[in-house]
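One file, structure_33.tsv, is given below (TSV, C-alpha atoms).
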```
chain	number	residue	atom	x	y	z
A	1	MET	CA	-2.45	-64.83	162.32
A	2	LYS	CA	-0.89	-61.90	160.50
A	3	THR	CA	1.68	-61.82	157.70
A	4	VAL	CA	3.99	-59.17	156.30
A	5	LEU	CA	5.32	-59.68	152.78
A	6	HIS	CA	8.56	-57.88	151.97
A	7	LEU	CA	8.92	-56.78	148.36
A	8	LEU	CA	12.31	-55.29	147.55
A	9	SER	CA	13.26	-56.95	144.32
A	10	GLY	CA	13.10	-55.63	140.78
A	11	ASP	CA	12.73	-59.20	139.54
A	12	GLU	CA	9.32	-59.54	137.87
A	13	THR	CA	8.87	-63.16	138.92
A	14	GLU	CA	9.45	-62.23	142.56
A	15	GLN	CA	7.05	-59.30	142.25
A	16	GLU	CA	4.35	-61.52	140.74
A	17	THR	CA	4.93	-64.19	143.38
A	18	THR	CA	4.50	-61.56	146.10
A	19	LEU	CA	1.15	-60.41	144.75
A	20	ALA	CA	-0.02	-63.99	144.18
A	21	ILE	CA	0.91	-64.94	147.75
A	22	ALA	CA	-0.97	-61.92	149.13
A	23	ARG	CA	-4.02	-63.13	147.21
A	24	ASN	CA	-3.60	-66.73	148.41
A	25	LEU	CA	-3.32	-65.60	152.03
A	26	LEU	CA	-6.61	-63.70	151.64
A	27	GLU	CA	-8.32	-66.71	150.14
A	28	ASP	CA	-7.11	-69.16	152.78
A	29	GLU	CA	-9.98	-71.59	153.33
A	30	THR	CA	-9.31	-71.95	157.03
A	31	GLY	CA	-9.76	-68.22	157.50
A	32	SER	CA	-6.76	-68.16	159.79
A	33	ILE	CA	-5.13	-65.06	158.27
A	34	ASP	CA	-6.41	-61.86	159.89
A	35	ASP	CA	-4.15	-59.31	158.22
A	36	VAL	CA	-1.79	-59.06	155.27
A	37	ALA	CA	0.63	-56.15	154.84
A	38	VAL	CA	3.08	-55.64	151.97
A	39	VAL	CA	6.11	-53.48	152.72
A	40	VAL	CA	7.73	-52.25	149.52
A	41	GLN	CA	11.20	-50.77	149.14
A	42	ALA	CA	14.25	-50.67	146.87
A	43	ASP	CA	13.49	-51.95	143.33
A	44	GLY	CA	10.24	-53.47	144.56
A	45	VAL	CA	8.73	-50.01	144.11
A	46	ASP	CA	8.63	-50.66	140.35
A	47	ALA	CA	5.61	-52.90	140.98
A	48	ILE	CA	3.46	-50.26	142.71
A	49	THR	CA	3.77	-47.10	140.60
A	50	THR	CA	0.85	-45.97	138.49
A	51	GLY	CA	0.55	-47.40	135.02
A	52	VAL	CA	2.51	-50.60	135.61
A	53	GLU	CA	1.29	-53.99	134.52
A	54	THR	CA	0.62	-55.07	138.10
A	55	GLU	CA	-1.68	-52.08	138.81
A	56	ASP	CA	-4.98	-53.98	138.56
A	57	GLN	CA	-3.73	-56.73	140.84
A	58	VAL	CA	-2.45	-54.24	143.43
A	59	GLN	CA	-5.74	-52.30	143.31
A	60	ALA	CA	-7.77	-55.47	143.84
A	61	LEU	CA	-5.62	-56.37	146.86
A	62	LEU	CA	-6.03	-52.85	148.29
A	63	GLU	CA	-9.79	-53.18	147.90
A	64	ASP	CA	-9.62	-56.43	149.84
A	65	ASP	CA	-7.87	-54.66	152.76
A	66	VAL	CA	-4.30	-55.68	152.07
A	67	SER	CA	-2.20	-52.68	153.13
A	68	PHE	CA	0.73	-51.57	150.98
A	69	LYS	CA	3.42	-49.53	152.71
A	70	ALA	CA	6.03	-47.89	150.49
A	71	CYS	CA	9.40	-46.77	151.88
A	72	ARG	CA	9.84	-42.98	151.66
A	73	ASN	CA	13.63	-43.38	151.76
A	74	THR	CA	13.37	-45.33	148.53
A	75	LEU	CA	10.93	-42.85	146.96
A	76	ASP	CA	13.34	-39.99	147.74
A	77	MET	CA	16.29	-41.85	146.22
A	78	MET	CA	14.27	-42.63	143.08
A	79	ASP	CA	12.87	-39.09	142.81
A	80	LEU	CA	9.34	-40.42	143.16
A	81	GLU	CA	6.46	-38.83	145.04
A	82	GLU	CA	3.44	-40.36	146.70
A	83	ALA	CA	1.39	-39.20	143.71
A	84	ASP	CA	3.39	-41.58	141.52
A	85	LEU	CA	2.13	-44.57	143.51
A	86	ILE	CA	-1.05	-46.49	142.85
A	87	ASP	CA	-3.91	-44.81	144.72
A	88	GLY	CA	-4.41	-46.15	148.24
A	89	ILE	CA	-0.79	-47.03	148.96
A	90	GLU	CA	0.53	-45.63	152.24
A	91	THR	CA	4.08	-44.56	152.88
A	92	VAL	CA	6.35	-45.20	155.86
A	93	PRO	CA	9.63	-43.42	156.67
A	94	GLU	CA	11.75	-46.57	156.20
A	95	GLY	CA	10.58	-49.99	155.00
A	96	ALA	CA	13.00	-52.04	157.10
A	97	VAL	CA	11.92	-50.28	160.29
A	98	GLU	CA	8.28	-51.01	159.42
A	99	VAL	CA	9.07	-54.68	158.77
A	100	THR	CA	10.85	-54.84	162.13
A	101	ARG	CA	7.91	-53.17	163.85
A	102	LEU	CA	5.36	-55.54	162.31
A	103	GLN	CA	7.36	-58.64	163.25
A	104	THR	CA	7.75	-57.29	166.77
A	105	ASP	CA	3.94	-56.94	166.79
A	106	GLY	CA	3.57	-60.64	165.92
A	107	TYR	CA	3.44	-60.64	162.14
A	108	ALA	CA	5.06	-63.58	160.39
A	109	TYR	CA	7.57	-62.52	157.72
A	110	ILE	CA	7.64	-63.76	154.15
A	111	ARG	CA	10.19	-62.65	151.59
A	112	PRO	CA	9.05	-64.03	148.20
B	113	MET	CA	13.59	-53.48	168.60
B	114	LYS	CA	16.35	-55.56	167.09
B	115	THR	CA	16.90	-56.70	163.50
B	116	VAL	CA	19.01	-59.38	161.87
B	117	LEU	CA	19.79	-59.00	158.16
B	118	HIS	CA	20.61	-62.20	156.30
B	119	LEU	CA	23.09	-61.82	153.46
B	120	LEU	CA	23.62	-64.99	151.46
B	121	SER	CA	23.45	-63.82	147.89
B	122	GLY	CA	26.26	-63.15	145.43
B	123	ASP	CA	23.99	-60.65	143.67
B	124	GLU	CA	25.55	-57.19	143.95
B	125	THR	CA	22.22	-55.38	144.10
B	126	GLU	CA	21.11	-57.54	147.01
B	127	GLN	CA	24.45	-56.98	148.76
B	128	GLU	CA	24.17	-53.22	148.33
B	129	THR	CA	20.55	-53.24	149.50
B	130	THR	CA	21.60	-55.15	152.62
B	131	LEU	CA	24.24	-52.57	153.55
B	132	ALA	CA	21.92	-49.67	152.74
B	133	ILE	CA	19.18	-51.15	154.94
B	134	ALA	CA	21.64	-51.63	157.82
B	135	ARG	CA	22.51	-47.92	157.51
B	136	ASN	CA	18.85	-46.89	157.33
B	137	LEU	CA	18.00	-48.89	160.43
B	138	LEU	CA	20.80	-47.09	162.30
B	139	GLU	CA	19.57	-43.71	161.16
B	140	ASP	CA	15.93	-44.36	162.05
B	141	GLU	CA	14.57	-41.06	163.32
B	142	THR	CA	12.33	-42.67	165.90
B	143	GLY	CA	15.35	-44.33	167.51
B	144	SER	CA	13.37	-47.52	167.86
B	145	ILE	CA	16.11	-49.84	166.61
B	146	ASP	CA	18.42	-50.98	169.42
B	147	ASP	CA	20.59	-53.48	167.56
B	148	VAL	CA	21.41	-54.48	164.00
B	149	ALA	CA	23.25	-57.71	163.17
B	150	VAL	CA	24.22	-58.95	159.71
B	151	VAL	CA	24.70	-62.70	159.33
B	152	VAL	CA	26.68	-63.52	156.20
B	153	GLN	CA	26.97	-66.90	154.52
B	154	ALA	CA	27.16	-68.61	151.11
B	155	ASP	CA	27.97	-66.17	148.27
B	156	GLY	CA	27.18	-63.22	150.54
B	157	VAL	CA	30.72	-63.60	151.86
B	158	ASP	CA	31.97	-61.92	148.66
B	159	ALA	CA	30.80	-58.60	150.14
B	160	ILE	CA	32.86	-58.80	153.34
B	161	THR	CA	36.34	-59.91	152.29
B	162	THR	CA	39.21	-57.40	152.36
B	163	GLY	CA	39.72	-55.28	149.30
B	164	VAL	CA	36.18	-55.47	147.95
B	165	GLU	CA	34.28	-52.42	146.78
B	166	THR	CA	31.93	-52.57	149.77
B	167	GLU	CA	34.82	-52.46	152.31
B	168	ASP	CA	34.40	-48.79	153.32
B	169	GLN	CA	30.67	-49.20	153.81
B	170	VAL	CA	31.13	-52.32	155.93
B	171	GLN	CA	33.81	-50.65	158.02
B	172	ALA	CA	31.61	-47.63	158.67
B	173	LEU	CA	28.77	-49.91	159.80
B	174	LEU	CA	31.14	-51.83	162.11
B	175	GLU	CA	32.25	-48.53	163.63
B	176	ASP	CA	28.60	-47.71	164.28
B	177	ASP	CA	28.16	-50.97	166.22
B	178	VAL	CA	26.49	-53.08	163.57
B	179	SER	CA	27.82	-56.61	164.14
B	180	PHE	CA	28.79	-58.76	161.17
B	181	LYS	CA	28.83	-62.53	161.74
B	182	ALA	CA	30.37	-64.67	159.01
B	183	CYS	CA	29.58	-68.39	158.73
B	184	ARG	CA	32.68	-70.56	159.31
B	185	ASN	CA	31.09	-73.43	157.35
B	186	THR	CA	31.07	-71.13	154.33
B	187	LEU	CA	34.62	-69.88	154.94
B	188	ASP	CA	35.85	-73.50	155.09
B	189	MET	CA	34.09	-74.40	151.86
B	190	MET	CA	35.53	-71.35	150.12
B	191	ASP	CA	39.06	-71.91	151.54
B	192	LEU	CA	38.91	-68.55	153.28
B	193	GLU	CA	40.28	-67.69	156.70
B	194	GLU	CA	39.20	-65.07	159.22
B	195	ALA	CA	42.21	-62.99	158.13
B	196	ASP	CA	40.60	-62.67	154.68
B	197	LEU	CA	37.61	-60.84	156.17
B	198	ILE	CA	37.35	-57.11	156.76
B	199	ASP	CA	38.78	-56.32	160.19
B	200	GLY	CA	36.19	-56.44	162.97
B	201	ILE	CA	33.98	-59.13	161.48
B	202	GLU	CA	33.19	-62.00	163.85
B	203	THR	CA	32.64	-65.59	162.84
B	204	VAL	CA	30.00	-68.08	163.94
B	205	PRO	CA	30.06	-71.86	163.39
B	206	GLU	CA	26.98	-71.83	161.10
B	207	GLY	CA	25.10	-68.78	159.84
B	208	ALA	CA	21.66	-70.38	159.76
B	209	VAL	CA	21.96	-71.50	163.38
B	210	GLU	CA	22.93	-67.94	164.35
B	211	VAL	CA	19.94	-66.51	162.44
B	212	THR	CA	17.69	-68.99	164.23
B	213	ARG	CA	19.20	-68.09	167.60
B	214	LEU	CA	18.77	-64.34	167.02
B	215	GLN	CA	15.13	-64.70	165.95
B	216	THR	CA	14.48	-66.89	168.98
B	217	ASP	CA	15.99	-64.04	171.04
B	218	GLY	CA	13.46	-61.59	169.56
B	219	TYR	CA	15.25	-60.20	166.53
B	220	ALA	CA	13.12	-59.44	163.49
B	221	TYR	CA	14.43	-61.05	160.29
B	222	ILE	CA	15.05	-59.28	157.02
B	223	ARG	CA	16.34	-60.99	153.90
B	224	PRO	CA	17.13	-58.26	151.37
C	225	MET	CA	14.95	-74.06	168.48
C	226	LYS	CA	13.03	-74.71	165.27
C	227	THR	CA	13.59	-73.36	161.77
C	228	VAL	CA	11.46	-73.13	158.66
C	229	LEU	CA	13.24	-72.70	155.33
C	230	HIS	CA	11.20	-71.13	152.55
C	231	LEU	CA	12.04	-72.34	149.05
C	232	LEU	CA	10.20	-70.49	146.31
C	233	SER	CA	12.87	-69.72	143.79
C	234	GLY	CA	13.69	-71.44	140.52
C	235	ASP	CA	17.28	-70.30	140.89
C	236	GLU	CA	19.49	-73.37	141.23
C	237	THR	CA	21.98	-71.66	143.53
C	238	GLU	CA	19.19	-70.69	145.92
C	239	GLN	CA	17.78	-74.22	145.78
C	240	GLU	CA	21.19	-75.74	146.55
C	241	THR	CA	21.79	-73.24	149.36
C	242	THR	CA	18.42	-74.19	150.87
C	243	LEU	CA	19.26	-77.89	150.94
C	244	ALA	CA	22.79	-77.21	152.24
C	245	ILE	CA	21.42	-75.03	155.06
C	246	ALA	CA	18.90	-77.73	156.02
C	247	ARG	CA	21.81	-80.18	156.28
C	248	ASN	CA	23.93	-77.72	158.29
C	249	LEU	CA	21.10	-77.09	160.74
C	250	LEU	CA	20.82	-80.87	161.30
C	251	GLU	CA	24.55	-81.18	161.89
C	252	ASP	CA	24.76	-78.26	164.32
C	253	GLU	CA	27.33	-79.28	166.92
C	254	THR	CA	25.51	-77.57	169.75
C	255	GLY	CA	22.43	-79.68	169.09
C	256	SER	CA	20.27	-76.62	169.55
C	257	ILE	CA	18.05	-77.22	166.50
C	258	ASP	CA	15.06	-79.45	167.32
C	259	ASP	CA	13.18	-79.29	164.03
C	260	VAL	CA	13.75	-78.23	160.45
C	261	ALA	CA	10.88	-77.79	157.98
C	262	VAL	CA	11.16	-76.78	154.33
C	263	VAL	CA	8.08	-75.15	152.80
C	264	VAL	CA	8.22	-75.27	149.01
C	265	GLN	CA	6.12	-73.25	146.61
C	266	ALA	CA	6.24	-71.38	143.28
C	267	ASP	CA	9.31	-72.27	141.17
C	268	GLY	CA	10.94	-73.90	144.21
C	269	VAL	CA	8.88	-76.98	143.37
C	270	ASP	CA	11.36	-77.73	140.56
C	271	ALA	CA	13.79	-78.95	143.23
C	272	ILE	CA	11.48	-81.58	144.74
C	273	THR	CA	9.94	-83.45	141.81
C	274	THR	CA	11.06	-86.99	141.06
C	275	GLY	CA	14.08	-87.45	138.84
C	276	VAL	CA	15.69	-84.05	139.49
C	277	GLU	CA	19.37	-83.66	140.32
C	278	THR	CA	18.59	-82.74	143.93
C	279	GLU	CA	16.57	-85.94	144.54
C	280	ASP	CA	19.27	-87.80	146.54
C	281	GLN	CA	19.89	-84.79	148.75
C	282	VAL	CA	16.17	-84.30	149.43
C	283	GLN	CA	15.72	-88.01	150.19
C	284	ALA	CA	18.63	-87.96	152.64
C	285	LEU	CA	17.11	-84.95	154.44
C	286	LEU	CA	13.72	-86.66	154.59
C	287	GLU	CA	15.38	-89.73	156.13
C	288	ASP	CA	16.92	-87.45	158.76
C	289	ASP	CA	13.46	-86.11	159.72
C	290	VAL	CA	13.48	-82.83	157.84
C	291	SER	CA	9.89	-82.32	156.72
C	292	PHE	CA	9.17	-81.01	153.22
C	293	LYS	CA	5.80	-79.35	152.69
C	294	ALA	CA	4.80	-78.59	149.11
C	295	CYS	CA	2.12	-76.01	148.31
C	296	ARG	CA	-0.94	-77.59	146.64
C	297	ASN	CA	-1.90	-74.24	145.10
C	298	THR	CA	1.42	-74.33	143.24
C	299	LEU	CA	1.02	-77.99	142.24
C	300	ASP	CA	-2.42	-77.22	140.79
C	301	MET	CA	-1.10	-74.26	138.81
C	302	MET	CA	1.78	-76.37	137.45
C	303	ASP	CA	-0.47	-79.35	136.68
C	304	LEU	CA	1.53	-81.53	139.03
C	305	GLU	CA	0.22	-84.21	141.37
C	306	GLU	CA	1.55	-85.50	144.66
C	307	ALA	CA	2.83	-88.56	142.78
C	308	ASP	CA	5.19	-86.27	140.85
C	309	LEU	CA	6.97	-85.29	144.07
C	310	ILE	CA	9.85	-87.15	145.68
C	311	ASP	CA	8.47	-89.85	147.95
C	312	GLY	CA	7.91	-88.67	151.52
C	313	ILE	CA	7.08	-85.07	150.72
C	314	GLU	CA	3.86	-83.82	152.32
C	315	THR	CA	1.54	-81.23	150.84
C	316	VAL	CA	-0.20	-78.27	152.44
C	317	PRO	CA	-3.08	-76.24	150.96
C	318	GLU	CA	-1.01	-73.02	150.68
C	319	GLY	CA	2.71	-72.62	151.41
C	320	ALA	CA	2.51	-69.04	152.69
C	321	VAL	CA	-0.20	-69.96	155.20
C	322	GLU	CA	1.99	-72.84	156.44
C	323	VAL	CA	5.01	-70.52	156.78
C	324	THR	CA	2.83	-68.10	158.76
C	325	ARG	CA	1.56	-70.92	160.96
C	326	LEU	CA	5.05	-72.24	161.70
C	327	GLN	CA	6.40	-68.78	162.59
C	328	THR	CA	3.40	-68.22	164.83
C	329	ASP	CA	4.32	-71.53	166.49
C	330	GLY	CA	7.83	-70.22	167.22
C	331	TYR	CA	9.81	-71.32	164.19
C	332	ALA	CA	12.54	-68.97	162.98
C	333	TYR	CA	12.27	-68.12	159.28
C	334	ILE	CA	15.05	-68.38	156.75
C	335	ARG	CA	14.68	-67.50	153.10
C	336	PRO	CA	17.88	-68.65	151.33
```

Show me, as structure tokens, the structure contained in the file I just sent.
Amino acid sequence: MKTVLHLLSGDETEQETTLAIARNLLEDETGSIDDVAVVVQADGVDAITTGVETEDQVQALLEDDVSFKACRNTLDMMDLEEADLIDGIETVPEGAVEVTRLQTDGYAYIRP
Amino acid sequence: MKTVLHLLSGDETEQETTLAIARNLLEDETGSIDDVAVVVQADGVDAITTGVETEDQVQALLEDDVSFKACRNTLDMMDLEEADLIDGIETVPEGAVEVTRLQTDGYAYIRP
Amino acid sequence: MKTVLHLLSGDETEQETTLAIARNLLEDETGSIDDVAVVVQADGVDAITTGVETEDQVQALLEDDVSFKACRNTLDMMDLEEADLIDGIETVPEGAVEVTRLQTDGYAYIRP
């Protein structure tokens, strides 16, 4: 099974819950989760820029093969560049299109 | 691909994000999005009544064939009638049933 | 059709909307909804412990065959035990895995 987490909130509790859920999916004892992707857009981007409090957690998830996909539409609107994101984070043209694509490919959707 | 956006929050940021995402899906460069529906219920209805700040944005989306489906259960509870909604908005008996139906018909789900 | 509601917010409005939507799905006039499950994790657990204001509503939904599945990961982190939950609530090892499993089994997802 595969899961896409959608992070688009500036709320710190929701951001922390998203990262905790990504970790819990990885550590699932039944081993039933084959892939975890996190699509990040809107104010959710605050959780994946360099120097933020969540950086270590995001890096550890990236090392464990969770993919992070940041919305370039959002980056443009916030005057951010890929270099401002934590190393290893990919970008996609539009987060909502990516979320649609992943669900169409069979990913379950979770919006923490 | 088809996408249903679920708007049930009274939070203005979440309402604005929902409308922005609907627009971004329409403008997807790859042209991979064939249909966008917005199901509105609970406090989300505040964003689709006549005279609200978001009226122009909603109207422009309606003109571009985004369908808006308001929950009649919610309208009844809020003592609102169809005439109170921005022109062109449809109603459905219950928003959550409509969201279920659309997903069962292959729509991806996004909850901004 | 089948629907899974995901309750992971401590926000009382979102908790109330979740329970109201579960009720509305049950009462759907078209009878098109065959099963409703509510997966509860993170701060959403506040709405399903014994003695809370929402207890009567949760009990009535349980009696009408809505299943409630609480995340044991969350219970452990909050130092809660199954006995602290409203009678009739099941537990699952990890809420997000259960939500993934249900969607993979054809459940539509709603995050109120």

### Query
Neighbours of His230 in chain C within 9 Å (only C-alpha atoms; same-chain residues fewer than 4 positions away dropped), as a ChimeraX atom specification?
/A:110-112 /C:242,261-265,268,319-320,323,333-336

With C-alpha atoms kept, could you save the residues just selected as an mmCIF file, keeping the file's coordinate frame?
```cif
data_model
loop_
_atom_site.group_PDB
_atom_site.id
_atom_site.type_symbol
_atom_site.label_atom_id
_atom_site.label_comp_id
_atom_site.auth_asym_id
_atom_site.auth_seq_id
_atom_site.Cartn_x
_atom_site.Cartn_y
_atom_site.Cartn_z
ATOM 1 C CA ILE A 110 7.640 -63.760 154.150
ATOM 2 C CA ARG A 111 10.190 -62.650 151.590
ATOM 3 C CA PRO A 112 9.050 -64.030 148.200
ATOM 4 C CA THR C 242 18.420 -74.190 150.870
ATOM 5 C CA ALA C 261 10.880 -77.790 157.980
ATOM 6 C CA VAL C 262 11.160 -76.780 154.330
ATOM 7 C CA VAL C 263 8.080 -75.150 152.800
ATOM 8 C CA VAL C 264 8.220 -75.270 149.010
ATOM 9 C CA GLN C 265 6.120 -73.250 146.610
ATOM 10 C CA GLY C 268 10.940 -73.900 144.210
ATOM 11 C CA GLY C 319 2.710 -72.620 151.410
ATOM 12 C CA ALA C 320 2.510 -69.040 152.690
ATOM 13 C CA VAL C 323 5.010 -70.520 156.780
ATOM 14 C CA TYR C 333 12.270 -68.120 159.280
ATOM 15 C CA ILE C 334 15.050 -68.380 156.750
ATOM 16 C CA ARG C 335 14.680 -67.500 153.100
ATOM 17 C CA PRO C 336 17.880 -68.650 151.330
#
```

LSQ fit chain B -> chain C, C-alpha in sequence order, output as an mmCIF file with C-alpha atoms, keeping the file's coordinate frame:
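Result file is result-v6.cif:
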```
data_model
loop_
_atom_site.group_PDB
_atom_site.id
_atom_site.type_symbol
_atom_site.label_atom_id
_atom_site.label_comp_id
_atom_site.auth_asym_id
_atom_site.auth_seq_id
_atom_site.Cartn_x
_atom_site.Cartn_y
_atom_site.Cartn_z
ATOM 1 C CA MET B 113 14.935 -74.066 168.485
ATOM 2 C CA LYS B 114 13.038 -74.713 165.291
ATOM 3 C CA THR B 115 13.589 -73.362 161.775
ATOM 4 C CA VAL B 116 11.459 -73.151 158.659
ATOM 5 C CA LEU B 117 13.248 -72.700 155.325
ATOM 6 C CA HIS B 118 11.208 -71.124 152.546
ATOM 7 C CA LEU B 119 12.050 -72.324 149.052
ATOM 8 C CA LEU B 120 10.191 -70.483 146.315
ATOM 9 C CA SER B 121 12.871 -69.718 143.789
ATOM 10 C CA GLY B 122 13.671 -71.456 140.512
ATOM 11 C CA ASP B 123 17.278 -70.296 140.892
ATOM 12 C CA GLU B 124 19.508 -73.362 141.227
ATOM 13 C CA THR B 125 21.996 -71.663 143.531
ATOM 14 C CA GLU B 126 19.214 -70.690 145.914
ATOM 15 C CA GLN B 127 17.797 -74.226 145.778
ATOM 16 C CA GLU B 128 21.192 -75.734 146.555
ATOM 17 C CA THR B 129 21.787 -73.237 149.362
ATOM 18 C CA THR B 130 18.425 -74.181 150.875
ATOM 19 C CA LEU B 131 19.281 -77.889 150.957
ATOM 20 C CA ALA B 132 22.793 -77.213 152.243
ATOM 21 C CA ILE B 133 21.423 -75.039 155.060
ATOM 22 C CA ALA B 134 18.903 -77.739 156.027
ATOM 23 C CA ARG B 135 21.833 -80.179 156.299
ATOM 24 C CA ASN B 136 23.936 -77.716 158.298
ATOM 25 C CA LEU B 137 21.115 -77.094 160.745
ATOM 26 C CA LEU B 138 20.839 -80.860 161.309
ATOM 27 C CA GLU B 139 24.553 -81.179 161.893
ATOM 28 C CA ASP B 140 24.765 -78.257 164.317
ATOM 29 C CA GLU B 141 27.334 -79.252 166.917
ATOM 30 C CA THR B 142 25.520 -77.541 169.753
ATOM 31 C CA GLY B 143 22.437 -79.666 169.086
ATOM 32 C CA SER B 144 20.272 -76.615 169.553
ATOM 33 C CA ILE B 145 18.062 -77.215 166.518
ATOM 34 C CA ASP B 146 15.077 -79.442 167.333
ATOM 35 C CA ASP B 147 13.184 -79.291 164.045
ATOM 36 C CA VAL B 148 13.751 -78.234 160.452
ATOM 37 C CA ALA B 149 10.881 -77.805 157.984
ATOM 38 C CA VAL B 150 11.155 -76.783 154.333
ATOM 39 C CA VAL B 151 8.081 -75.164 152.795
ATOM 40 C CA VAL B 152 8.226 -75.268 149.005
ATOM 41 C CA GLN B 153 6.123 -73.240 146.598
ATOM 42 C CA ALA B 154 6.234 -71.378 143.265
ATOM 43 C CA ASP B 155 9.311 -72.276 141.167
ATOM 44 C CA GLY B 156 10.945 -73.891 144.200
ATOM 45 C CA VAL B 157 8.887 -76.972 143.364
ATOM 46 C CA ASP B 158 11.363 -77.718 140.547
ATOM 47 C CA ALA B 159 13.791 -78.947 143.226
ATOM 48 C CA ILE B 160 11.481 -81.577 144.733
ATOM 49 C CA THR B 161 9.941 -83.439 141.799
ATOM 50 C CA THR B 162 11.066 -87.003 141.042
ATOM 51 C CA GLY B 163 14.076 -87.427 138.833
ATOM 52 C CA VAL B 164 15.676 -84.052 139.495
ATOM 53 C CA GLU B 165 19.346 -83.663 140.312
ATOM 54 C CA THR B 166 18.582 -82.732 143.922
ATOM 55 C CA GLU B 167 16.571 -85.954 144.545
ATOM 56 C CA ASP B 168 19.267 -87.795 146.547
ATOM 57 C CA GLN B 169 19.891 -84.785 148.754
ATOM 58 C CA VAL B 170 16.182 -84.314 149.434
ATOM 59 C CA GLN B 171 15.735 -87.995 150.206
ATOM 60 C CA ALA B 172 18.629 -87.970 152.656
ATOM 61 C CA LEU B 173 17.127 -84.953 154.439
ATOM 62 C CA LEU B 174 13.712 -86.669 154.610
ATOM 63 C CA GLU B 175 15.377 -89.718 156.147
ATOM 64 C CA ASP B 176 16.917 -87.439 158.765
ATOM 65 C CA ASP B 177 13.463 -86.121 159.724
ATOM 66 C CA VAL B 178 13.485 -82.835 157.861
ATOM 67 C CA SER B 179 9.880 -82.326 156.721
ATOM 68 C CA PHE B 180 9.175 -81.016 153.233
ATOM 69 C CA LYS B 181 5.783 -79.359 152.691
ATOM 70 C CA ALA B 182 4.793 -78.590 149.109
ATOM 71 C CA CYS B 183 2.103 -76.008 148.312
ATOM 72 C CA ARG B 184 -0.949 -77.592 146.628
ATOM 73 C CA ASN B 185 -1.901 -74.225 145.090
ATOM 74 C CA THR B 186 1.409 -74.331 143.233
ATOM 75 C CA LEU B 187 1.024 -77.991 142.238
ATOM 76 C CA ASP B 188 -2.428 -77.215 140.783
ATOM 77 C CA MET B 189 -1.109 -74.265 138.809
ATOM 78 C CA MET B 190 1.759 -76.344 137.446
ATOM 79 C CA ASP B 191 -0.490 -79.360 136.650
ATOM 80 C CA LEU B 192 1.525 -81.510 139.029
ATOM 81 C CA GLU B 193 0.209 -84.194 141.348
ATOM 82 C CA GLU B 194 1.546 -85.498 144.648
ATOM 83 C CA ALA B 195 2.810 -88.565 142.757
ATOM 84 C CA ASP B 196 5.191 -86.268 140.846
ATOM 85 C CA LEU B 197 6.965 -85.306 144.077
ATOM 86 C CA ILE B 198 9.855 -87.162 145.669
ATOM 87 C CA ASP B 199 8.457 -89.862 147.947
ATOM 88 C CA GLY B 200 7.893 -88.684 151.516
ATOM 89 C CA ILE B 201 7.069 -85.073 150.727
ATOM 90 C CA GLU B 202 3.849 -83.816 152.319
ATOM 91 C CA THR B 203 1.529 -81.242 150.836
ATOM 92 C CA VAL B 204 -0.196 -78.269 152.437
ATOM 93 C CA PRO B 205 -3.082 -76.242 150.967
ATOM 94 C CA GLU B 206 -1.010 -73.024 150.683
ATOM 95 C CA GLY B 207 2.695 -72.620 151.415
ATOM 96 C CA ALA B 208 2.508 -69.053 152.695
ATOM 97 C CA VAL B 209 -0.194 -69.964 155.208
ATOM 98 C CA GLU B 210 1.986 -72.844 156.435
ATOM 99 C CA VAL B 211 5.009 -70.526 156.781
ATOM 100 C CA THR B 212 2.847 -68.103 158.750
ATOM 101 C CA ARG B 213 1.542 -70.902 160.966
ATOM 102 C CA LEU B 214 5.046 -72.234 161.694
ATOM 103 C CA GLN B 215 6.408 -68.790 162.592
ATOM 104 C CA THR B 216 3.399 -68.209 164.829
ATOM 105 C CA ASP B 217 4.313 -71.536 166.485
ATOM 106 C CA GLY B 218 7.832 -70.239 167.214
ATOM 107 C CA TYR B 219 9.817 -71.329 164.182
ATOM 108 C CA ALA B 220 12.537 -68.978 162.988
ATOM 109 C CA TYR B 221 12.276 -68.130 159.279
ATOM 110 C CA ILE B 222 15.060 -68.396 156.750
ATOM 111 C CA ARG B 223 14.685 -67.509 153.090
ATOM 112 C CA PRO B 224 17.864 -68.641 151.331
#
```

Where does chain A meet chain C within 8 Å, residue by residue, with the nearest atom pair and distance in Å to one decimal for each, counting only C-alpha atoms, listed by chain and rising number, as a tab-separated table?
```
residue	atom	partner	partner_atom	distance
A:Met1	CA	C:Thr324	CA	7.2
A:Lys2	CA	C:Thr324	CA	7.4
A:Thr3	CA	C:Thr324	CA	6.5
A:Thr17	CA	C:Ala266	CA	7.3
A:Ile21	CA	C:Ala320	CA	6.6
A:Asn24	CA	C:Glu318	CA	7.2
A:Leu25	CA	C:Val321	CA	6.2
A:Asp28	CA	C:Val321	CA	7.4
A:Ile33	CA	C:Val321	CA	7.6
A:Gly106	CA	C:Thr328	CA	7.7
A:Ala108	CA	C:Thr324	CA	5.3
A:Tyr109	CA	C:Thr324	CA	7.4
A:Ile110	CA	C:Ala320	CA	7.5
A:Arg111	CA	C:Arg335	CA	6.8
A:Pro112	CA	C:Leu232	CA	6.8
```

### Message
What's the separation between CA of Ser144 in chain B and CA of Ala22 in chain A, in Å to one decimal place?
### Response
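Interatomic distance here is 27.6 Å.
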
### Task
One decimal, Å: what's the distance from CA of Ile201 in chain B over to CA of Met189 in chain B, could you say?
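These two atoms are separated by 18.0 Å.
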
### Query
Between B:Asp199, B:Glu124, B:Glu139, B:Glu210, which one has atoms that come closest to Asp168 in chain B, using only C-alpha atoms?
B:Asp199

### Query
So what do you get for CA of Leu285 in chain C versus CA of Ala271 in chain C, distance-wise?
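If I compute the distance from CA of Leu285 in chain C to CA of Ala271 in chain C, I get 13.1 Å.
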